[in-house]
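K.L.:
Quick one: the structure is below, questions incoming.
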Amino acid sequence: MQSAGLPDYLEILNPEQKQAVLHTGKPLLILAGAGSGKTRVITTKIAWLIREKGVDPRSILAVTFTNKAAREMAERAAAIDGRAADAMLRTFHSFGAWFLRRNAVLAGLAPGFVIYDDDDTASLLSTIMEGVPRAEVRAAARNISRAKDYFLSPDDPALDRISYSKQFNNIYRDYENKLAAIGNVDFGDLIKKPVEILRNNPDVAQRIRGRFRVILVDEYQDANVAQFELLKELCDSQTYVCVVGDDDQSIYRFRGAEVRNILQFPDRFPGTDIIRLERNYRSIEPILEAASSVVDKNKNRLGKKLRSERGPGKKPVLAFLADQDEEAGYCADLIETLVKKGNKYSDWAVLYRTNAQSLGFETEFLHRRIPYKVVGSLKFYEREEIKDILAMLAFLVNPRDEVAFRRVINKPSRGVGPSSVERIIDAAASNPEAPGDLEAAIGLVKKELSAKAGAGTAQFLKAVKAGRAALNQPDQSEQTVLTVQSEQSEQSDQSDQSAAHQDAASAKNQEDRKRESLRSAEGLSRCVVTLANQSGLADYHLSHDEIAGNQRLNNLQELANASSIYPASIDGLLEFLEHIELDRSMEENSDNGSLDTVTLITIHNTKGLEFRRVIMTGVEQGVFPREDKSGDELEEERRLFYVGATRAMDELYFSCCRMRRMYGRTGAMYPSVFLNEIDRKALRVIGKEPPGFTKSAKSAEGFPRTQNRASPPDNDQYWRKGDTVYHDDYGYGEVREVRDSEDGPVVRVSFQNGGEVRFLADHQGRNFTRIRDN
DNA sequence: GACAGTGAAATTTTT
DNA sequence: TTTCACTGTC
């Protein structure tokens, strides 16, 4: 094990990495380029501290940005030294929730507080902003969230940098008051409130500083102001602080991330040492070159030079394509071709700027039987039926939860109309016995309600109480059964069907054509199932599923299953709800990491990931960068480009369409300015650059709108004798002749299989993919 | 309170 | 093109 001086797990590090791991005594800022092994450094450092420095694992706190990263870090650290499992590795938000749970009373929160997501936040806000259009409420909700990112309270004068509206302060204040009355928190509170507690309670601060002696922060470039404040509050002069980040990969400015946090870290933590990790172990040289040449154009950066340890290789490919259908086909072709040669689907990732773009790929891949998974768009927990049950659960632990109450009191309809709802809420507000307690208020106003509403509220309460009862009685209780009807289920319901998913589902459905009962396993699922049944939501969805062919009851069943691993207690329930709010990736449910599928993913979501082959799609002006971007925001888009491109290990492709359907309209597109920032010689170009590309793309900002007015591709220029083309049905061929006619150019192509076709470029031309220029 | 018909808006990116 | 909020009818 211990060969020459240093243990093996340190010997494999390069000099800078080693230096970073062995560093002690002062604050440390690690500037880690993409693929430079920063996770290895952090995990090794944790293990080394425990092993060689005798640091108590429980006194180590490592904060990451995503749950995935936290899990990976925990795994890798524990792999080096098992004791690392006792260190605390969490996301900022999950750490905040952990802290608040232990100090709920100090924060004036309900002991069983629940975390509101953006949706709930907007719902709450709409009770304050009555009669205001939904979009406006959402905008205000976003601004409140931003204010909290910047650690601004309703009375802070600096709020005007968030919103110019004078009323905003009042809206924000009212919102805060109402949220406080309910006793719940939103996402921003998970950071902001802990800071406030630590500042107002020196004893609490002292205790937690005494506990965590080592604090490591990953992805530091994406920390916002509030998170920075939290970090400061957690540290005393003896705390060892180490932050790792890359200013070139800061892509969450829109969410309050402050690059300044990283640029000014040495000022805020005096005596900071800086170590740079600039050796990239992930990508071949040409990929790094292309990525770097784009981000180099940014003015606002520390500047660093990434060197590839892997050396030369294939140039990135730039493919000009007709439209998004061809783009999807092109991706499928690439993937299929290489898979036939023995590569894995999981080598591939298709990247796009916005989630909406995934649809075309999903359709095409489904068609061509290419297995894929869509990362991040799994909106399971945002589904109506799921949110309904979650609201029931939230109300069960906190009967002051007005948002949850409004959501489910009359669902399915039990004759409790708006006037009854308001009456109950008013009664709760003016009830000195139990302020805000809606459950108690129902009892108070029961006599004033209509017979129907009275019966409805009674039924609702009965369901809540039954759910609560299911929490308290220990195991072997009545068997809870959720009735499930699975008719032949088309893919009618939303977007979560990956190919693999579907196959499994349809196979299963053939087995159980008719009515079948699934029972709740155990634990918390008894409570979930009880609520679903007693509230009438299960029946409601059952009958609707029959009509609409949805799978809502199945989704409920899935939620119940997910809950079964939690204990049937209030604490178990809180844990379950918290887990759902903070980590919606459902990673552990689909932990088929072994599954061989292509990854469809937004560029933002790729942070921290790597793939052998990456296709960045939609690299067009208006899509990426988005049309409205300029200045700082354009720089952020550039960093995003950099992040996406540096995910690729072996091969990188850019695809750029001449036409794209948006909002049901087809419009001409221009190539992204970013493509022009890469030396054309550093790329292998496939297909024809649209005419005027270089000229038009050079005017980076103030670029002409892409939607209207752009001229269609010039077919005379576009189709040239000798070009190689590809057609889905006929395969590869060569352009033999281009002739003019009154309907535009006529192109003659002869295919490798011997066939020959003639077509009008303006019409059928879109069915062909150009493979190589003559 | 359910439902069909309408018209307008929609696409950032996420803990 | 799709989706969603709003309106008027039953």
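By convention in this document, the chains of the structure tokens carry letters A, B, ... by their order, each chain's residues are numbered from 1, and ligands are numbered from 1 in the order they are shown.
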Should the cut-off be 9 Å, what would the residue list for chain A against chain B look like, counting only C-alpha atoms (C1' of nucleotides), as a VMD selection string?
P.N.:
chain A and resid 65 to 67 91 to 94 187 251 to 252 254 to 255 353 to 356 413 415 582 to 583 602 to 605 626 662 to 663
K.L.:
With 10 Å as the cut-off and only C-alpha atoms (C1' of nucleotides) counted, what is the closest atom pair between each nearby residue of chain C and chain A? Distances in Å to one decimal, ordered by chain and number, as JSON lines.
P.N.:
```
{"residue": "C:DT1", "atom": "C1'", "partner": "A:Gly664", "partner_atom": "CA", "distance": 4.3}
{"residue": "C:DT2", "atom": "C1'", "partner": "A:Gly664", "partner_atom": "CA", "distance": 8.3}
{"residue": "C:DA5", "atom": "C1'", "partner": "A:Arg134", "partner_atom": "CA", "distance": 9.1}
```
K.L.:
Output as a list in words all residues of region 327-411 of chain A that backbone DSSP marks as strand (DSSP E or B).
P.N.:
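Filtering region 327-411 of chain A to strand (DSSP E or B) leaves Trp348, Ala349, Val350, Leu351, Tyr352, Tyr372, Lys373 and Val374 of chain A.
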K.L.:
Output all heavy atoms for every residue in that selection, as an mmCIF file, in the first residue's frame.
P.N.:
```cif
data_model
loop_
_atom_site.group_PDB
_atom_site.id
_atom_site.type_symbol
_atom_site.label_atom_id
_atom_site.label_comp_id
_atom_site.auth_asym_id
_atom_site.auth_seq_id
_atom_site.Cartn_x
_atom_site.Cartn_y
_atom_site.Cartn_z
ATOM 1 N N TRP A 348 -23.631 8.199 -25.802
ATOM 2 C CA TRP A 348 -24.125 9.396 -26.473
ATOM 3 C C TRP A 348 -24.987 10.287 -25.596
ATOM 4 O O TRP A 348 -25.793 9.809 -24.806
ATOM 5 C CB TRP A 348 -24.989 8.981 -27.680
ATOM 6 C CG TRP A 348 -24.211 8.408 -28.804
ATOM 7 C CD1 TRP A 348 -23.941 7.092 -29.023
ATOM 8 C CD2 TRP A 348 -23.609 9.128 -29.880
ATOM 9 N NE1 TRP A 348 -23.209 6.945 -30.169
ATOM 10 C CE2 TRP A 348 -22.993 8.180 -30.725
ATOM 11 C CE3 TRP A 348 -23.545 10.485 -30.226
ATOM 12 C CZ2 TRP A 348 -22.311 8.549 -31.871
ATOM 13 C CZ3 TRP A 348 -22.874 10.844 -31.366
ATOM 14 C CH2 TRP A 348 -22.262 9.890 -32.179
ATOM 15 N N ALA A 349 -24.807 11.582 -25.809
ATOM 16 C CA ALA A 349 -25.725 12.535 -25.188
ATOM 17 C C ALA A 349 -26.134 13.555 -26.234
ATOM 18 O O ALA A 349 -25.308 14.032 -27.008
ATOM 19 C CB ALA A 349 -25.057 13.245 -24.019
ATOM 20 N N VAL A 350 -27.423 13.837 -26.290
ATOM 21 C CA VAL A 350 -27.936 14.886 -27.166
ATOM 22 C C VAL A 350 -28.285 16.081 -26.286
ATOM 23 O O VAL A 350 -29.107 15.977 -25.370
ATOM 24 C CB VAL A 350 -29.186 14.409 -27.935
ATOM 25 C CG1 VAL A 350 -29.766 15.548 -28.763
ATOM 26 C CG2 VAL A 350 -28.844 13.217 -28.816
ATOM 27 N N LEU A 351 -27.628 17.199 -26.551
ATOM 28 C CA LEU A 351 -27.791 18.389 -25.718
ATOM 29 C C LEU A 351 -28.629 19.442 -26.425
ATOM 30 O O LEU A 351 -28.526 19.613 -27.642
ATOM 31 C CB LEU A 351 -26.417 19.001 -25.400
ATOM 32 C CG LEU A 351 -25.611 18.449 -24.228
ATOM 33 C CD1 LEU A 351 -25.534 16.933 -24.252
ATOM 34 C CD2 LEU A 351 -24.215 19.061 -24.223
ATOM 35 N N TYR A 352 -29.439 20.142 -25.676
ATOM 36 C CA TYR A 352 -30.205 21.244 -26.248
ATOM 37 C C TYR A 352 -30.356 22.353 -25.224
ATOM 38 O O TYR A 352 -30.148 22.150 -24.028
ATOM 39 C CB TYR A 352 -31.585 20.758 -26.711
ATOM 40 C CG TYR A 352 -32.189 19.702 -25.831
ATOM 41 C CD1 TYR A 352 -32.790 20.042 -24.633
ATOM 42 C CD2 TYR A 352 -32.105 18.343 -26.175
ATOM 43 C CE1 TYR A 352 -33.324 19.072 -23.808
ATOM 44 C CE2 TYR A 352 -32.638 17.362 -25.339
ATOM 45 C CZ TYR A 352 -33.245 17.749 -24.156
ATOM 46 O OH TYR A 352 -33.761 16.785 -23.329
ATOM 47 N N TYR A 372 -33.664 5.776 -25.016
ATOM 48 C CA TYR A 372 -33.167 7.055 -24.503
ATOM 49 C C TYR A 372 -33.778 7.345 -23.155
ATOM 50 O O TYR A 372 -34.768 6.737 -22.758
ATOM 51 C CB TYR A 372 -33.529 8.185 -25.467
ATOM 52 C CG TYR A 372 -35.014 8.422 -25.564
ATOM 53 C CD1 TYR A 372 -35.648 9.297 -24.683
ATOM 54 C CD2 TYR A 372 -35.774 7.759 -26.515
ATOM 55 C CE1 TYR A 372 -37.007 9.511 -24.759
ATOM 56 C CE2 TYR A 372 -37.136 7.960 -26.588
ATOM 57 C CZ TYR A 372 -37.752 8.838 -25.705
ATOM 58 O OH TYR A 372 -39.099 9.037 -25.768
ATOM 59 N N LYS A 373 -33.158 8.257 -22.466
ATOM 60 C CA LYS A 373 -33.784 8.782 -21.249
ATOM 61 C C LYS A 373 -33.686 10.297 -21.283
ATOM 62 O O LYS A 373 -32.689 10.856 -21.740
ATOM 63 C CB LYS A 373 -33.131 8.213 -19.995
ATOM 64 C CG LYS A 373 -31.676 8.552 -19.839
ATOM 65 C CD LYS A 373 -31.195 8.207 -18.426
ATOM 66 C CE LYS A 373 -29.711 8.495 -18.286
ATOM 67 N NZ LYS A 373 -28.864 7.340 -18.178
ATOM 68 N N VAL A 374 -34.733 10.936 -20.845
ATOM 69 C CA VAL A 374 -34.737 12.387 -20.801
ATOM 70 C C VAL A 374 -34.386 12.803 -19.383
ATOM 71 O O VAL A 374 -35.107 12.478 -18.448
ATOM 72 C CB VAL A 374 -36.111 12.968 -21.172
ATOM 73 C CG1 VAL A 374 -36.058 14.484 -21.231
ATOM 74 C CG2 VAL A 374 -36.569 12.404 -22.500
#
```
K.L.:
CA of Asn398 (chain A) and CA of Asn184 (chain A), how far apart in Å?
P.N.:
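The value is 8.6 Å.
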K.L.:
Expressed in Å to a single decimal, how great is the separation between CA of Leu461 (chain A) and CA of Gly536 (chain A)?
P.N.:
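Going from CA of Leu461 (chain A) over to CA of Gly536 (chain A) covers 12.1 Å.
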K.L.:
Work out how far CA of Asn201 (chain A) is from CA of Leu106 (chain A), in Å to one decimal.
P.N.:
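Those two atoms sit 8.6 Å apart.
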K.L.:
Can you list, as a PyMOL selection string, every protein, DNA or RNA residue that comes within 9 Å of Arg173 (chain A) when you count only C-alpha atoms (C1' of nucleotides), leaving out same-chain residues fewer than 4 positions away?
P.N.:
chain A and resi 153-155+168-169+177-178
K.L.:
Run DSSP on the backbone of this structure and report the residues of region 68-154 of chain A it assigns to helix (DSSP H, G or I), as an MDAnalysis selection string.
P.N.:
chainID A and resid 68:80 82:86 92:102 118:128 134:149
